[in-house]
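Structure below is upload28.txt: compact mmCIF, C-alpha atoms.
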```
# COMPACT_ATOMS: atom_id res chain seq x y z
CA MET A 216 12.93 -28.42 0.48
CA ASP A 217 14.33 -27.67 -2.93
CA PHE A 218 13.78 -24.66 -5.13
CA GLN A 219 11.35 -26.35 -7.52
CA HIS A 220 8.97 -27.13 -4.67
CA CYS A 221 9.08 -23.68 -3.10
CA PHE A 222 8.61 -21.83 -6.36
CA ALA A 223 4.90 -22.10 -7.14
CA LEU A 224 5.38 -20.89 -10.69
CA TRP A 225 7.70 -23.78 -11.55
CA PRO A 226 5.16 -26.24 -13.08
CA LYS A 227 3.76 -23.45 -15.29
CA LEU A 228 7.09 -22.77 -16.99
CA THR A 229 8.23 -24.52 -20.14
CA PRO A 230 11.22 -26.89 -19.80
CA ALA A 231 13.42 -24.29 -21.54
CA GLN A 232 12.26 -21.57 -19.12
CA GLN A 233 12.84 -23.87 -16.15
CA GLN A 234 16.37 -24.56 -17.33
CA TRP A 235 17.04 -20.86 -17.82
CA VAL A 236 15.85 -20.09 -14.28
CA LEU A 237 18.04 -22.86 -12.83
CA ASP A 238 21.06 -21.67 -14.83
CA THR A 239 20.76 -18.09 -13.56
CA LEU A 240 19.51 -18.81 -10.04
CA ILE A 241 21.53 -17.27 -7.22
CA THR A 242 21.69 -18.85 -3.78
CA ARG A 243 22.64 -16.58 -0.91
CA ARG A 244 23.16 -17.15 2.78
CA VAL A 245 23.01 -14.03 4.92
CA PRO A 246 23.59 -13.68 8.65
CA ARG A 247 21.03 -12.00 10.88
CA GLY A 248 21.07 -8.23 10.52
CA THR A 249 22.16 -8.17 6.87
CA VAL A 250 20.41 -5.65 4.65
CA VAL A 251 19.41 -7.86 1.72
CA HIS A 252 17.82 -5.20 -0.41
CA GLN A 253 17.54 -1.45 -0.38
CA GLY A 254 14.84 -0.32 -2.76
CA GLY A 255 15.82 2.38 -5.19
CA VAL A 256 19.49 1.51 -4.84
CA GLU A 257 19.83 -1.90 -6.37
CA CYS A 258 17.67 -4.26 -8.36
CA THR A 259 17.76 -7.55 -6.53
CA GLY A 260 15.26 -9.64 -8.46
CA LEU A 261 12.64 -12.10 -7.36
CA VAL A 262 13.66 -13.29 -3.90
CA LEU A 263 12.47 -16.56 -2.38
CA LEU A 264 13.11 -17.52 1.21
CA LYS A 265 14.53 -20.98 1.73
CA SER A 266 14.80 -20.49 5.48
CA GLY A 267 15.04 -17.70 7.99
CA GLN A 268 13.09 -14.47 8.29
CA LEU A 269 13.12 -11.09 6.56
CA ARG A 270 11.60 -7.77 7.54
CA ALA A 271 10.49 -5.18 4.99
CA PHE A 272 10.39 -1.63 6.27
CA ILE A 273 10.49 2.01 5.24
CA LEU A 274 12.63 4.74 6.74
CA SER A 275 11.72 8.33 7.55
CA PRO A 276 14.10 11.18 6.65
CA GLU A 277 15.06 11.21 10.35
CA GLY A 278 15.78 7.48 10.40
CA ARG A 279 12.56 6.27 12.02
CA GLU A 280 11.33 2.91 10.77
CA ILE A 281 8.05 1.10 10.33
CA THR A 282 7.70 -2.55 9.41
CA LEU A 283 5.55 -3.12 6.33
CA TYR A 284 5.53 -6.91 6.39
CA ARG A 285 7.66 -9.92 7.22
CA LEU A 286 8.71 -12.90 5.17
CA PHE A 287 9.16 -16.38 6.52
CA SER A 288 10.81 -19.55 5.35
CA MET A 289 9.48 -21.81 2.63
CA ASP A 290 5.93 -20.73 2.16
CA LEU A 291 6.67 -17.07 1.68
CA CYS A 292 8.21 -15.62 -1.41
CA LEU A 293 8.75 -12.02 -2.23
CA PHE A 294 8.91 -9.43 -4.88
CA SER A 295 11.81 -7.07 -4.36
CA ALA A 296 12.41 -5.95 -7.88
CA ALA A 297 10.85 -2.55 -8.28
CA CYS A 298 13.13 -2.02 -11.27
CA MET A 299 11.20 -4.74 -13.08
CA MET A 300 8.20 -2.45 -13.12
CA ASN A 301 8.40 1.16 -14.14
CA SER A 302 5.44 2.14 -12.03
CA LEU A 303 6.64 0.73 -8.72
CA GLN A 304 8.54 3.61 -7.23
CA PHE A 305 9.09 3.46 -3.56
CA THR A 306 11.91 2.49 -1.34
CA VAL A 307 11.61 -0.60 0.80
CA THR A 308 14.50 -2.01 2.82
CA LEU A 309 14.75 -5.74 3.47
CA GLN A 310 16.73 -6.93 6.45
CA ALA A 311 17.35 -10.44 7.75
CA GLU A 312 15.84 -10.90 11.20
CA LYS A 313 17.37 -14.34 11.46
CA ASP A 314 20.14 -16.15 9.61
CA THR A 315 18.51 -16.57 6.23
CA GLU A 316 18.96 -18.56 3.04
CA LEU A 317 17.66 -17.04 -0.16
CA TRP A 318 17.11 -17.97 -3.75
CA ILE A 319 17.24 -15.01 -6.11
CA ILE A 320 16.01 -15.01 -9.68
CA PRO A 321 17.83 -12.05 -11.24
CA ALA A 322 15.55 -9.17 -12.19
CA GLU A 323 16.43 -9.27 -15.90
CA VAL A 324 15.62 -12.98 -16.07
CA TYR A 325 12.25 -12.57 -14.40
CA ARG A 326 11.44 -9.49 -16.45
CA ASP A 327 12.06 -11.44 -19.65
CA LEU A 328 9.93 -14.32 -18.36
CA MET A 329 7.08 -11.91 -17.60
CA ALA A 330 7.24 -10.58 -21.15
CA VAL A 331 6.50 -13.97 -22.68
CA SER A 332 4.72 -16.00 -19.99
CA PRO A 333 1.27 -14.93 -18.76
CA ALA A 334 1.77 -17.31 -15.82
CA ALA A 335 4.96 -15.50 -14.75
CA ALA A 336 3.29 -12.09 -15.10
CA ASN A 337 0.25 -13.22 -13.13
CA TYR A 338 2.45 -14.78 -10.47
CA ALA A 339 4.20 -11.44 -9.99
CA ASN A 340 0.76 -9.89 -9.85
CA GLU A 341 -0.37 -12.21 -7.08
CA ILE A 342 2.78 -11.59 -5.04
CA MET A 343 2.38 -7.84 -5.39
CA ALA A 344 -1.30 -8.12 -4.48
CA THR A 345 -0.37 -10.02 -1.32
CA ARG A 346 2.10 -7.31 -0.29
CA PHE A 347 -0.37 -4.57 -1.21
CA THR A 348 -2.98 -6.25 0.99
CA GLU A 349 -0.53 -6.40 3.89
CA VAL A 350 0.33 -2.73 3.50
CA MET A 351 -3.36 -1.81 3.37
CA TRP A 352 -3.92 -3.78 6.56
CA LEU A 353 -1.07 -1.79 8.12
CA MET A 354 -2.59 1.46 6.84
CA GLU A 355 -5.84 0.60 8.58
CA GLN A 356 -3.96 -0.19 11.80
CA VAL A 357 -2.02 3.06 11.63
CA MET A 358 -5.10 5.12 10.83
CA TRP A 359 -7.77 3.65 13.05
CA LYS A 360 -6.04 1.77 15.88
CA SER A 361 -4.54 3.39 18.94
CA MET A 362 -0.89 2.65 19.72
CA ASP A 363 -1.63 0.61 22.87
CA LYS A 364 -3.73 -1.85 20.80
CA ARG A 365 -1.01 -2.00 18.16
CA VAL A 366 1.66 -2.79 20.77
CA ALA A 367 -0.55 -5.56 22.18
CA ALA A 368 -1.13 -7.02 18.68
CA PHE A 369 2.59 -6.83 17.90
CA LEU A 370 3.53 -8.74 21.07
CA LEU A 371 1.07 -11.49 20.13
CA GLU A 372 2.45 -11.63 16.58
CA GLU A 373 6.00 -11.94 17.91
CA SER A 374 4.89 -14.60 20.33
CA ALA A 375 3.34 -16.60 17.47
CA ILE A 376 6.48 -16.25 15.32
CA GLU A 377 8.83 -17.27 18.13
CA ASP A 378 6.40 -19.80 19.62
CA SER A 379 7.15 -18.43 23.07
CA LEU A 380 5.57 -16.13 25.65
CA GLN A 381 9.04 -14.81 26.56
CA LEU A 382 10.01 -12.22 23.97
CA HIS A 383 13.64 -11.19 23.84
CA THR A 384 13.29 -7.73 22.42
CA THR A 385 13.84 -4.10 23.32
CA HIS A 386 11.43 -1.20 23.47
CA GLU A 387 13.50 0.40 20.70
CA THR A 388 12.98 -2.63 18.44
CA ILE A 389 9.23 -2.61 19.03
CA ALA A 390 9.15 1.11 18.29
CA ASN A 391 10.97 0.51 14.99
CA HIS A 392 8.42 -2.08 13.97
CA LEU A 393 5.49 0.17 14.76
CA GLY A 394 6.88 3.45 13.47
CA THR A 395 6.81 5.25 16.79
CA HIS A 396 9.23 6.45 19.49
CA ARG A 397 10.77 4.26 22.16
CA GLU A 398 9.26 6.41 24.92
CA VAL A 399 5.77 5.75 23.56
CA VAL A 400 6.34 2.00 23.57
CA THR A 401 7.72 2.11 27.11
CA ARG A 402 4.61 3.97 28.29
CA MET A 403 2.29 1.47 26.56
CA LEU A 404 4.17 -1.56 27.93
CA ARG A 405 4.03 -0.15 31.46
CA TYR A 406 0.31 0.32 31.05
CA LEU A 407 -0.08 -3.30 29.88
CA GLN A 408 2.04 -4.42 32.84
CA GLY A 409 -0.23 -2.44 35.18
CA GLU A 410 -3.17 -4.34 33.71
CA GLY A 411 -1.45 -7.65 34.48
CA LEU A 412 -1.12 -8.60 30.81
CA VAL A 413 2.68 -8.58 30.54
CA ARG A 414 5.73 -8.55 32.81
CA LEU A 415 8.75 -6.41 31.89
CA SER A 416 12.34 -7.14 32.71
CA ARG A 417 15.66 -6.23 31.15
CA GLY A 418 15.54 -7.18 27.44
CA VAL A 419 12.46 -9.34 27.95
CA VAL A 420 8.74 -8.83 27.61
CA GLU A 421 6.80 -11.75 29.03
CA ILE A 422 3.18 -12.25 28.07
CA LEU A 423 1.30 -13.32 31.19
CA ASP A 424 -2.21 -13.64 29.80
CA PRO A 425 -2.35 -14.13 26.01
CA VAL A 426 -6.15 -14.50 25.96
CA ARG A 427 -6.83 -11.19 27.69
CA LEU A 428 -4.06 -9.54 25.65
CA ARG A 429 -5.80 -10.71 22.44
CA ASP A 430 -9.13 -9.30 23.68
CA TYR A 431 -7.40 -6.04 24.44
CA ALA A 432 -5.72 -5.87 21.02
CA ASP A 433 -8.98 -6.62 19.21
CA GLN A 434 -11.01 -3.88 20.88
CA GLU A 435 -12.12 -1.13 18.53
CA MET B 52 -11.12 10.81 -27.13
CA ASP B 53 -12.24 7.30 -27.91
CA PHE B 54 -11.68 4.12 -25.94
CA GLN B 55 -8.95 2.74 -28.19
CA HIS B 56 -6.78 5.83 -27.57
CA CYS B 57 -7.28 5.90 -23.80
CA PHE B 58 -6.62 2.20 -23.33
CA ALA B 59 -2.83 1.82 -23.52
CA LEU B 60 -3.05 -1.94 -23.82
CA TRP B 61 -5.08 -1.74 -27.05
CA PRO B 62 -2.27 -2.03 -29.61
CA LYS B 63 -0.86 -5.04 -27.79
CA LEU B 64 -4.04 -7.10 -28.14
CA THR B 65 -4.76 -9.37 -31.09
CA PRO B 66 -7.61 -8.31 -33.42
CA ALA B 67 -9.80 -11.06 -31.90
CA GLN B 68 -9.05 -9.85 -28.36
CA GLN B 69 -9.75 -6.26 -29.39
CA GLN B 70 -13.12 -7.27 -30.82
CA TRP B 71 -13.96 -9.22 -27.67
CA VAL B 72 -13.17 -6.20 -25.48
CA LEU B 73 -15.30 -3.92 -27.66
CA ASP B 74 -18.20 -6.40 -27.65
CA THR B 75 -18.26 -6.62 -23.86
CA LEU B 76 -17.30 -3.03 -23.02
CA ILE B 77 -19.67 -1.18 -20.73
CA THR B 78 -20.04 2.60 -20.85
CA ARG B 79 -21.38 4.27 -17.74
CA ARG B 80 -22.20 7.86 -16.87
CA VAL B 81 -22.43 8.59 -13.16
CA PRO B 82 -23.40 11.85 -11.44
CA ARG B 83 -21.18 13.38 -8.80
CA GLY B 84 -21.44 11.57 -5.49
CA THR B 85 -22.17 8.14 -6.95
CA VAL B 86 -20.37 5.22 -5.33
CA VAL B 87 -18.97 3.46 -8.39
CA HIS B 88 -17.37 0.55 -6.61
CA GLN B 89 -17.35 -0.87 -3.14
CA GLY B 90 -14.52 -3.34 -2.78
CA GLY B 91 -15.46 -6.70 -1.38
CA VAL B 92 -19.07 -6.23 -2.36
CA GLU B 93 -19.05 -6.31 -6.12
CA CYS B 94 -16.57 -7.07 -8.85
CA THR B 95 -16.60 -4.12 -11.17
CA GLY B 96 -13.82 -4.92 -13.59
CA LEU B 97 -11.16 -2.79 -15.18
CA VAL B 98 -12.40 0.79 -15.03
CA LEU B 99 -11.16 3.55 -17.33
CA LEU B 100 -12.06 7.18 -16.87
CA LYS B 101 -13.28 8.95 -19.97
CA SER B 102 -13.93 12.17 -18.09
CA GLY B 103 -14.60 13.34 -14.57
CA GLN B 104 -12.89 12.46 -11.30
CA LEU B 105 -12.98 9.56 -8.87
CA ARG B 106 -11.77 9.25 -5.32
CA ALA B 107 -10.60 5.95 -3.81
CA PHE B 108 -10.84 5.74 -0.04
CA ILE B 109 -11.05 3.36 2.89
CA LEU B 110 -13.50 3.54 5.77
CA SER B 111 -12.91 2.92 9.46
CA PRO B 112 -15.37 0.83 11.50
CA GLU B 113 -16.68 4.16 12.86
CA GLY B 114 -17.17 5.62 9.38
CA ARG B 115 -14.04 7.77 9.22
CA GLU B 116 -12.48 8.05 5.78
CA ILE B 117 -9.05 8.54 4.25
CA THR B 118 -8.39 9.16 0.58
CA LEU B 119 -5.93 6.67 -0.94
CA TYR B 120 -5.67 8.22 -4.39
CA ARG B 121 -7.70 10.03 -7.02
CA LEU B 122 -8.34 9.25 -10.64
CA PHE B 123 -8.70 11.83 -13.38
CA SER B 124 -10.00 11.90 -16.89
CA MET B 125 -8.25 10.41 -19.91
CA ASP B 126 -4.76 9.69 -18.78
CA LEU B 127 -5.68 7.79 -15.66
CA CYS B 128 -7.07 4.32 -15.65
CA LEU B 129 -7.76 2.12 -12.72
CA PHE B 130 -7.81 -1.34 -11.37
CA SER B 131 -10.93 -1.98 -9.31
CA ALA B 132 -11.27 -5.70 -9.70
CA ALA B 133 -9.90 -7.34 -6.59
CA CYS B 134 -11.95 -10.39 -7.50
CA MET B 135 -9.65 -10.86 -10.49
CA MET B 136 -6.81 -11.61 -8.10
CA ASN B 137 -7.16 -13.97 -5.20
CA SER B 138 -4.48 -12.24 -3.19
CA LEU B 139 -5.87 -8.71 -3.34
CA GLN B 140 -8.08 -8.59 -0.31
CA PHE B 141 -8.94 -5.19 0.94
CA THR B 142 -11.92 -2.95 0.65
CA VAL B 143 -11.63 0.24 -1.33
CA THR B 144 -14.58 2.48 -2.11
CA LEU B 145 -14.65 4.51 -5.32
CA GLN B 146 -16.82 7.59 -5.44
CA ALA B 147 -17.33 10.12 -8.23
CA GLU B 148 -16.13 13.57 -7.15
CA LYS B 149 -17.44 15.07 -10.38
CA ASP B 150 -19.91 13.90 -13.02
CA THR B 151 -17.95 11.08 -14.56
CA GLU B 152 -17.97 8.92 -17.67
CA LEU B 153 -16.48 5.45 -17.40
CA TRP B 154 -15.55 2.56 -19.57
CA ILE B 155 -15.64 -0.78 -17.81
CA ILE B 156 -14.08 -3.98 -19.07
CA PRO B 157 -15.94 -6.69 -17.14
CA ALA B 158 -13.79 -8.57 -14.63
CA GLU B 159 -14.30 -11.98 -16.23
CA VAL B 160 -13.23 -10.63 -19.63
CA TYR B 161 -10.07 -9.05 -18.27
CA ARG B 162 -9.27 -12.09 -16.17
CA ASP B 163 -9.45 -14.29 -19.25
CA LEU B 164 -7.26 -11.83 -21.17
CA MET B 165 -4.66 -11.91 -18.40
CA ALA B 166 -4.57 -15.69 -18.57
CA VAL B 167 -3.47 -15.72 -22.20
CA SER B 168 -1.82 -12.35 -22.85
CA PRO B 169 1.42 -11.42 -21.05
CA ALA B 170 0.79 -7.83 -22.15
CA ALA B 171 -2.59 -7.76 -20.39
CA ALA B 172 -1.14 -9.31 -17.24
CA ASN B 173 1.79 -6.88 -17.22
CA TYR B 174 -0.55 -3.94 -17.84
CA ALA B 175 -2.57 -4.93 -14.75
CA ASN B 176 0.75 -5.21 -12.95
CA GLU B 177 1.76 -1.68 -13.90
CA ILE B 178 -1.60 -0.25 -12.84
CA MET B 179 -1.42 -2.02 -9.50
CA ALA B 180 2.18 -0.86 -9.05
CA THR B 181 1.07 2.73 -9.66
CA ARG B 182 -1.65 2.47 -7.01
CA PHE B 183 0.72 0.70 -4.62
CA THR B 184 3.22 3.54 -5.06
CA GLU B 185 0.52 6.10 -4.30
CA VAL B 186 -0.53 4.24 -1.18
CA MET B 187 3.10 3.99 -0.03
CA TRP B 188 3.46 7.75 -0.55
CA LEU B 189 0.37 8.20 1.60
CA MET B 190 1.80 5.85 4.22
CA GLU B 191 4.92 7.98 4.42
CA GLN B 192 2.81 11.13 4.78
CA VAL B 193 0.69 9.58 7.51
CA MET B 194 3.71 8.22 9.37
CA TRP B 195 6.24 11.00 9.13
CA LYS B 196 4.40 14.23 8.32
CA SER B 197 2.54 16.32 10.87
CA MET B 198 -1.10 17.09 10.13
CA ASP B 199 -0.53 20.83 9.56
CA LYS B 200 1.88 20.03 6.70
CA ARG B 201 -0.56 17.48 5.27
CA VAL B 202 -3.40 20.04 5.31
CA ALA B 203 -1.16 22.54 3.51
CA ALA B 204 -0.17 19.94 0.90
CA PHE B 205 -3.80 18.92 0.41
CA LEU B 206 -4.90 22.52 -0.21
CA LEU B 207 -2.19 22.88 -2.88
CA GLU B 208 -3.23 19.59 -4.50
CA GLU B 209 -6.86 20.72 -4.60
CA SER B 210 -5.80 24.06 -6.01
CA ALA B 211 -3.87 22.31 -8.80
CA ILE B 212 -6.83 20.02 -9.61
CA GLU B 213 -9.35 22.86 -9.68
CA ASP B 214 -6.91 25.35 -11.20
CA SER B 215 -8.05 27.96 -8.68
CA LEU B 216 -6.87 29.50 -5.43
CA GLN B 217 -10.47 29.62 -4.19
CA LEU B 218 -11.37 26.16 -2.91
CA HIS B 219 -15.04 25.42 -2.35
CA THR B 220 -14.76 22.79 0.31
CA THR B 221 -15.65 22.18 3.94
CA HIS B 222 -13.44 21.30 6.89
CA GLU B 223 -15.37 18.02 7.09
CA THR B 224 -14.45 17.17 3.50
CA ILE B 225 -10.78 17.91 4.08
CA ALA B 226 -10.87 15.77 7.24
CA ASN B 227 -12.35 12.87 5.23
CA HIS B 228 -9.55 13.10 2.70
CA LEU B 229 -6.85 13.12 5.34
CA GLY B 230 -8.33 10.57 7.72
CA THR B 231 -8.67 12.92 10.66
CA HIS B 232 -11.39 14.78 12.59
CA ARG B 233 -13.03 18.01 11.46
CA GLU B 234 -11.92 19.79 14.63
CA VAL B 235 -8.29 19.01 13.85
CA VAL B 236 -8.61 20.45 10.33
CA THR B 237 -10.32 23.57 11.67
CA ARG B 238 -7.46 24.11 14.12
CA MET B 239 -4.83 23.64 11.39
CA LEU B 240 -6.63 25.97 8.96
CA ARG B 241 -6.90 28.68 11.62
CA TYR B 242 -3.19 28.33 12.24
CA LEU B 243 -2.46 28.68 8.51
CA GLN B 244 -4.77 31.72 8.43
CA GLY B 245 -2.86 33.23 11.36
CA GLU B 246 0.33 32.80 9.33
CA GLY B 247 -1.24 34.71 6.42
CA LEU B 248 -1.17 31.69 4.11
CA VAL B 249 -4.92 31.22 3.66
CA ARG B 250 -8.17 33.09 4.28
CA LEU B 251 -11.21 31.23 5.58
CA SER B 252 -14.82 32.09 4.89
CA ARG B 253 -18.05 30.08 4.83
CA GLY B 254 -17.52 27.07 2.54
CA VAL B 255 -14.37 28.57 1.03
CA VAL B 256 -10.66 28.26 1.73
CA GLU B 257 -8.69 30.83 -0.22
CA ILE B 258 -4.97 30.33 -0.71
CA LEU B 259 -3.31 33.74 -0.30
CA ASP B 260 0.33 32.79 -0.79
CA PRO B 261 0.84 29.52 -2.70
CA VAL B 262 4.64 29.84 -2.70
CA ARG B 263 4.95 30.18 1.05
CA LEU B 264 2.28 27.50 1.53
CA ARG B 265 4.39 25.13 -0.60
CA ASP B 266 7.48 25.91 1.47
CA TYR B 267 5.47 25.23 4.60
CA ALA B 268 4.11 21.91 3.27
CA ASP B 269 7.56 20.73 2.20
CA GLN B 270 9.26 21.32 5.55
CA GLU B 271 10.39 18.15 7.26
```

Let's see the structure in the file written out as structure tokens.
Amino acid sequence: MDFQHCFALWPKLTPAQQQWVLDTLITRRVPRGTVVHQGGVECTGLVLLKSGQLRAFILSPEGREITLYRLFSMDLCLFSAACMMNSLQFTVTLQAEKDTELWIIPAEVYRDLMAVSPAAANYANEIMATRFTEVMWLMEQVMWKSMDKRVAAFLLEESAIEDSLQLHTTHETIANHLGTHREVVTRMLRYLQGEGLVRLSRGVVEILDPVRLRDYADQE
Amino acid sequence: MDFQHCFALWPKLTPAQQQWVLDTLITRRVPRGTVVHQGGVECTGLVLLKSGQLRAFILSPEGREITLYRLFSMDLCLFSAACMMNSLQFTVTLQAEKDTELWIIPAEVYRDLMAVSPAAANYANEIMATRFTEVMWLMEQVMWKSMDKRVAAFLLEESAIEDSLQLHTTHETIANHLGTHREVVTRMLRYLQGEGLVRLSRGVVEILDPVRLRDYADQE
């Protein structure tokens, strides 16, 4: 898949704008674990995923984490250029969860495009709205859902991403996604194991009954 | 203050666009308590506050509330037109906290403006970025701050808004702002009273020591 096909804005740009984007486009290949962007520190630009997987999260003063959203290959593109907008002032960290290939449109290029092209400005708008919607969904989970339901939902999400019922993950990693402590996750997983929904072994959580786990996660 | 002065986008519109906005502009006066907008249900449009105060909040399935942000007279304008953007899909309720005067640019008018004017699209972008930043601030509070600190911070915020140390509010109201239960707020307020920071009486929370209360709220 080439850049022109992944970048939905492409057909709405003028030939001159398209050429400018191609001339300034950055391609980056980052190994798993790389911090691609650290909000507030640098101004990355408009990032598009060619392949791989990114995780966007925030950090507490004590170093706790919570995942805001994840970005996948091809179909998902992302806005990581707070500096392009004066009013967007919060710090999001982006880290590669898998080996990842990125296209980056530098922030100054996209900012100039937005100034002259309504399509570019509205595209940025739609991307931000998508992220905003994901964060609001998370807010509702955090506010109204108990942690056991959130752990169950997270296991199912992981299972869908990895297309496997065997999840190679640690309790610490799950805790960092959900913004809680490892001990809490361990307690919840043991409870789910007691209910016959999962089986725990070293470095692996195995989903035994995805249907009942889904029912459990969806309970109010 | 007239509309043209409150609406920061005004000078960036063409004379024809300005006339179109004026011709379709709706002025509304709503008494305190009115639900101005219920996301998902109706498509209000771009709302500007002439005077008064609005509260944006989300509701849990059980009817619990949490305040996302508040909007004040003159300087604050707001985006309440999810229908204008396909990707913005969450339900926010807007309620007048005081008698409020509004200007509303109908959604279809603003959507058409955004399609042709980069300035209009970028203005919507900036407003959404401002709200997104406020919601991310709230997310950090909810995730990393204990409820006693959040109650203290909320009392100081109310005090600043009302310009008074005597807050006429109920524990229920505070709980609805913070997304918790009344009993939790009552316990926190009694603790703050025990520390000599506030005095509680029927329907009133009086801040006795705003400096120490600020120190308390700001502790990690």

Can I get the residues of chain B within 7 Å of chain A, each with the closest pair of atoms and their distance in Å to one decimal, using all atoms listed in the file, sorted chain first then ascending number, as CSV?
```
residue,atom,partner,partner_atom,distance
B:Ser111,CA,A:Trp359,CA,6.3
B:Met136,CA,A:Glu341,CA,6.5
B:Ser138,CA,A:Thr345,CA,5.0
B:Leu139,CA,A:Ala344,CA,4.7
B:Gln140,CA,A:Thr348,CA,5.8
B:Phe141,CA,A:Thr348,CA,6.1
B:Met165,CA,A:Pro333,CA,6.7
B:Ala166,CA,A:Pro333,CA,5.9
B:Val167,CA,A:Pro333,CA,5.9
B:Ser168,CA,A:Pro333,CA,5.7
B:Pro169,CA,A:Pro333,CA,4.2
B:Ala172,CA,A:Ala336,CA,5.7
B:Asn173,CA,A:Ala336,CA,5.8
B:Asn176,CA,A:Asn340,CA,5.6
B:Glu177,CA,A:Ser302,CA,5.6
B:Ala180,CA,A:Leu303,CA,4.7
B:Thr181,CA,A:Ser302,CA,5.0
B:Phe183,CA,A:Phe347,CA,6.4
B:Thr184,CA,A:Leu303,CA,5.7
B:Met187,CA,A:Phe305,CA,7.0
B:Met190,CA,A:Met354,CA,6.7
B:Trp195,CA,A:Ser275,CA,6.3
```

Quick one: everything within 6 Å of Thr118 (chain B), counting all atoms listed in the file, minus sequence neighbours fewer than 3 positions away in the same chain. Send it as an mmCIF file with C-alpha atoms, keeping the file's coordinate frame.
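Result file is result-v2.cif:
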```
data_model
loop_
_atom_site.group_PDB
_atom_site.id
_atom_site.type_symbol
_atom_site.label_atom_id
_atom_site.label_comp_id
_atom_site.auth_asym_id
_atom_site.auth_seq_id
_atom_site.Cartn_x
_atom_site.Cartn_y
_atom_site.Cartn_z
ATOM 1 C CA ALA B 107 -10.600 5.950 -3.810
ATOM 2 C CA PHE B 108 -10.840 5.740 -0.040
ATOM 3 C CA HIS B 228 -9.550 13.100 2.700
#
```

Smallest atom-to-atom distance to Ala204 (chain B): which of B:Gln270, B:Thr78, B:Thr95, B:Thr237, using only C-alpha atoms?
B:Gln270

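We find CA of Glu372 (chain A) and CA of Gln253 (chain A) to be spaced 24.9 Å apart.
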
From the list B:Leu259, B:Val160, B:Leu218, B:Ala203, the nearest residue to Met239 (chain B) using only C-alpha atoms is B:Ala203

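Interatomic distance, CA of Gly247 (chain B) against CA of Ala268 (chain B): 14.2 Å.
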
Ser210 (chain B) environment, 12 Å, all atoms listed in the file, sequence neighbours closer than 3 positions dropped, as JSON, numbers by chain:
{"B": [203, 204, 205, 206, 207, 213, 214, 215, 216, 217, 218, 219, 220, 255, 256, 257, 258, 259, 260, 261, 264, 265]}

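Reported to one decimal place, the separation of CA of Lys101 (chain B) from CA of Lys149 (chain B) is 12.1 Å.
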
Just the residues within 9 Å of Ile320 (chain A), please, counting all atoms listed in the file, with nothing from its chain fewer than 5 positions along; format it as a PyMOL selection string.
chain A and resi 236-237+239-241+259-263+325

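Comparing the minimum interatomic distances between Val81 (chain B) and each of B:Thr151, B:Ser102, B:Gln68, B:Gln55, counting all atoms listed in the file, we find that B:Thr151 sits nearest.
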